[in-house]
Amino acid sequence: MVVAMNEMMERDIFGFSSTNSIPINADLGWRDWSPGINWDDFTGADDFHGQIESMMTAAVDHHDWYTCVSPTSTNCPGSPAEDLIPSSDDTAVRLVHLLKAAAESLSGDLKTPALTEAILARLRELLLVRTTSTGMERLAAHFTNALHSLLDAAGDVEEPLHQPCEFLGAFLLMQDMSPCIKFGHFTANQAILESVAGERRVHIVDFDIAEGVQWASLMQALVSINNGSPPPHLKITAVARYRRSVQETGGRLADFAASVGLPFSFGQCRTDYDGQFRPAGIKVVRGEALVFNCILQPGSAGGSFSFISGAAALGARVVTIVDEESEGVGFEGRFMEEMMRYSAIWDALDAGFEKQGREREMVERVFLGPRIAGAVERAYKGMEALENLGKRLEAAEFRRMGLSFFNICQARLLLCLFSEGYRLEEEGTNKLVLCWKSCRLISASVWSAPPLLSPEESYLSS
């Protein structure tokens with residue numbers, strides 16, 4: 001029986017069975033190359049996440065700006081304390097203390113730009129004198145650049161411009177190096193598949209669609225699970241502020257849908273200037289199953305709760321939310337929380353991949369660097385962070401939708417493809433949290449919107 005169960009789960013995860021599970025190794029259509037990662041070539045690495053936690057609790061130096069640093073809340077409670085850092089790691093200790101001091105001097109009661117500039121100059125000195133950079137130093141460089149951009153632009157981080165093909169390449173590489181992206185995509189997609197089974201029309205309203213990679217495996221699943229009957233018509237409406245990149249994503253998705261034989265249409269709903277979502281911008285046809293999908297990206301979460309609230313106004317059947325949770329208070333607290341999160345990501349990457357390889361450099365520069373900049377900007381501007389999201393949704397009469405056995409198995413088997421430091425936490429019946437050791441990285445939860453009191457309240461079109 002155990003063997004049969006293992007075989008069943010393997011089919012559910014890596015193929016298409018009657019349970020409509022998503023194949024982890026699905027070909028994304030527009031990708032025709034592989035980074036050639038050797039999964040057996042795992043190398044030992046320093047635990048930078050542990051180093052940072054030790055540094056945060058270590059005695060600080062007695063320079064004027066160090067004495068200003070106050071304790072902060074992090075999103076990684078209870079992480080085990082590491083051994084004392086040897087003297088050879090003094091540079092790493094200084095980097096973390098200086099970054100904390102720079103963040104505090106940039107906001108709060110101090111708010112001393114001249115002091116911030118002096119601290120950032122010292123950070124750059126420490127980083128430039130190194131002939132070869134460690135993972136901790138490269139991570140510190142990204143946070144230094146993000147703080148410098150805030151100082152120069154009075155709070156507007158200017159992200160580096162990358163060619164779409166370069167960003168997509170880095171994005172796909174990150175998918176192979178870490179389960180963070182696929183974890184959110186597959187958990188959300190499996191819940192969507194199960195909730196729309198048997199429907200002839202499916203409409204997904206997607207907040208901040210980015211490259212649209214999430215939907216390729218869902219399209220394949222919708223075509224494959226119908227046992228020869230025509231697949232449903234899939235419509236995706238992208239909710240975003242800017243039009244050009246979204247149009248490119250829509251064209252790419254339309255091409256992929258045509259290649260697998262899926263009836264497909266694509267639309268866009270632009271948010272207001274302040275990023276707020278207006279449900280009236282969505283045209284919902286009577287009889288289609290409406291899904292709201294919200295994968296929050298650092299730096300672009302403004303208006304996210306207005307989007308989730310819009311699901312209630314439109315009567316969405318299911319709402320899937322993937323988020324990097326936040327508990328930090330104030331800019332300094334949230335800044336250090338992001339330092340902890342990304343040091344855990346760095347540590348996880350070091351556990352399985354070359355630190356100095358070409359692919360690793362591209363992922364750090366093109367994908368992770370801009371995400372760090374966006375997270376720091378979001379924290380600095382006090383942009384909407386969905387603290388206590390579950391309580392807020394329940395207060396708005398959203399209901400928790402239990403995750404299926406197969407969805408949970410799918411997530412667990414996904415982690416088996418990566419370093420053993422990854423683990424999964426189940427929180428309630430509707431939420432999974434991906435962790436690296438003790439640090440929570442990202443969560444995925446599934447909800448249903450409150451029912452409409454009357455048809456007149458909706459934005460349905462006949």
# chains A, B, ... in the order shown; residues from 1 in each chain; ligands from 1
>>> select_by_dssp(residues="range 132-211 of chain A", states="alpha helix (DSSP H)", output="MDAnalysis selection string")
chainID A and resid 135:152 164:177 180:195
>>> select_by_dssp(residues="range 130-358 of chain A", states="strand (DSSP E)", output="PyMOL selection string")
chain A and resi 201-207+233-240+264-270+284-285+289-295+318-323
>>> residues_around(residues="range 310-318 of chain A", least_positions_apart="2", cutoff="10 Å", atoms="only C-alpha atoms", output="NGL selection string")
:A and (188 or 191-192 or 195-196 or 203-205 or 277-280 or 282-284 or 288-293 or 304-308 or 320-321 or 396-401 or 446-453 or 455 or 457-460)
>>> residues_around(residues="range 231-246 of chain A", least_positions_apart="4", cutoff="6 Å", atoms="only C-alpha atoms", output="JSON, numbers by chain")
{"A": [200, 201, 202, 203, 204, 205, 206, 207, 208, 209, 223, 263, 264, 265, 266, 267, 268, 269, 270, 271]}
>>> write_last_selection(atoms="C-alpha atoms", output="tab-separated table (two decimals), in the first residue's frame")
chain	number	residue	atom	x	y	z
A	200	ARG	CA	-16.54	25.84	-19.32
A	201	ARG	CA	-15.25	29.37	-18.76
A	202	VAL	CA	-12.55	30.39	-16.28
A	203	HIS	CA	-11.58	34.01	-15.64
A	204	ILE	CA	-8.41	34.76	-13.63
A	205	VAL	CA	-7.84	38.31	-12.42
A	206	ASP	CA	-4.10	38.53	-11.70
A	207	PHE	CA	-2.47	41.24	-9.60
A	208	ASP	CA	0.96	42.26	-10.94
A	209	ILE	CA	1.30	39.48	-13.51
A	223	VAL	CA	-5.91	20.97	-21.62
A	263	PRO	CA	-9.09	28.80	-26.03
A	264	PHE	CA	-7.67	31.96	-24.50
A	265	SER	CA	-8.22	35.69	-24.19
A	266	PHE	CA	-6.23	38.35	-22.38
A	267	GLY	CA	-7.16	41.74	-20.98
A	268	GLN	CA	-5.74	44.46	-18.78
A	269	CYS	CA	-7.16	46.59	-15.99
A	270	ARG	CA	-5.05	49.58	-15.04
A	271	THR	CA	-4.89	50.65	-11.42
>>> closest_atom_pairs(of="range 173-266 of chain A", to="range 333-346 of chain A", cutoff="12 Å", atoms="only C-alpha atoms", output="tab-separated table")
residue	atom	partner	partner_atom	distance
A:Met174	CA	A:Ile345	CA	10.9
A:Met177	CA	A:Ile345	CA	10.3
A:Ser178	CA	A:Ile345	CA	8.4
A:Pro179	CA	A:Ile345	CA	10.4
A:Cys180	CA	A:Ile345	CA	9.1
>>> write_last_selection(atoms="C-alpha atoms", output="mmCIF file, in the first residue's frame")
data_model
loop_
_atom_site.group_PDB
_atom_site.id
_atom_site.type_symbol
_atom_site.label_atom_id
_atom_site.label_comp_id
_atom_site.auth_asym_id
_atom_site.auth_seq_id
_atom_site.Cartn_x
_atom_site.Cartn_y
_atom_site.Cartn_z
ATOM 1 C CA MET A 174 16.065 31.219 -10.044
ATOM 2 C CA MET A 177 17.985 27.191 -7.974
ATOM 3 C CA SER A 178 15.226 27.762 -5.402
ATOM 4 C CA PRO A 179 11.696 26.464 -4.736
ATOM 5 C CA CYS A 180 10.472 29.948 -3.741
#
>>> atom_distance(atom1="CA of Gly369 in chain A", atom2="CA of Ser149 in chain A")
12.6 Å
>>> closest_residue(among="A:Leu349, A:Glu426, A:Ala210, A:Ile372", to="Thr144 in chain A", atoms="only C-alpha atoms")
A:Ile372
>>> closest_residue(among="A:Leu95, A:Ala197, A:Leu253, A:Val319", to="Ala216 in chain A", atoms="only C-alpha atoms")
A:Leu253
>>> closest_residue(among="A:Glu248, A:Glu199, A:Asp176, A:Glu332", to="Gly108 in chain A", atoms="only C-alpha atoms")
A:Glu332
>>> residues_around(residues="range 414-421 of chain A", least_positions_apart="2", cutoff="6 Å", atoms="only C-alpha atoms", output="MDAnalysis selection string")
chainID A and resid 411:412 436:437
>>> write_last_selection(atoms="N, CA and C atoms", output="tab-separated table (two decimals), in the first residue's frame")
chain	number	residue	atom	x	y	z
A	411	ALA	N	3.63	20.23	-2.69
A	411	ALA	CA	4.59	21.17	-2.12
A	411	ALA	C	5.74	20.43	-1.44
A	412	ARG	N	5.43	19.36	-0.72
A	412	ARG	CA	6.49	18.61	-0.03
A	412	ARG	C	7.44	17.94	-1.02
A	436	TRP	N	13.34	28.35	5.14
A	436	TRP	CA	14.71	27.86	5.08
A	436	TRP	C	15.19	27.80	6.53
A	437	LYS	N	15.40	26.59	7.02
A	437	LYS	CA	15.73	26.37	8.42
A	437	LYS	C	14.64	27.02	9.28
>>> residues_around(residues="Val260 in chain A", least_positions_apart="5", cutoff="10 Å", atoms="only C-alpha atoms", output="JSON, numbers by chain")
{"A": [29, 216, 219, 220, 222, 223, 224, 255]}
>>> write_last_selection(atoms="N, CA and C atoms", output="mmCIF file, in the first residue's frame")
data_model
loop_
_atom_site.group_PDB
_atom_site.id
_atom_site.type_symbol
_atom_site.label_atom_id
_atom_site.label_comp_id
_atom_site.auth_asym_id
_atom_site.auth_seq_id
_atom_site.Cartn_x
_atom_site.Cartn_y
_atom_site.Cartn_z
ATOM 1 N N GLY A 29 7.279 26.414 -22.538
ATOM 2 C CA GLY A 29 6.913 26.852 -23.871
ATOM 3 C C GLY A 29 7.890 27.834 -24.472
ATOM 4 N N ALA A 216 1.645 29.089 -17.507
ATOM 5 C CA ALA A 216 1.938 28.075 -18.522
ATOM 6 C C ALA A 216 1.551 26.684 -18.040
ATOM 7 N N MET A 219 -2.217 26.277 -17.925
ATOM 8 C CA MET A 219 -2.777 26.062 -19.262
ATOM 9 C C MET A 219 -2.629 24.611 -19.688
ATOM 10 N N GLN A 220 -1.443 24.050 -19.473
ATOM 11 C CA GLN A 220 -1.224 22.647 -19.831
ATOM 12 C C GLN A 220 -2.164 21.733 -19.060
ATOM 13 N N LEU A 222 -5.162 22.475 -17.780
ATOM 14 C CA LEU A 222 -6.543 22.630 -18.248
ATOM 15 C C LEU A 222 -6.788 21.846 -19.531
ATOM 16 N N VAL A 223 -5.772 21.740 -20.384
ATOM 17 C CA VAL A 223 -5.912 20.975 -21.625
ATOM 18 C C VAL A 223 -5.860 19.478 -21.350
ATOM 19 N N SER A 224 -5.014 19.079 -20.397
ATOM 20 C CA SER A 224 -4.744 17.649 -20.194
ATOM 21 C C SER A 224 -5.773 16.931 -19.339
ATOM 22 N N ASP A 255 0.375 33.151 -27.369
ATOM 23 C CA ASP A 255 1.124 32.232 -28.230
ATOM 24 C C ASP A 255 1.221 30.854 -27.593
#
>>> closest_residue(among="A:Val213, A:Val329, A:Leu218, A:Ala258", to="Gly169 in chain A", atoms="only C-alpha atoms")
A:Val213
>>> atom_distance(atom1="CA of Leu168 in chain A", atom2="CA of Cys435 in chain A")
24.8 Å
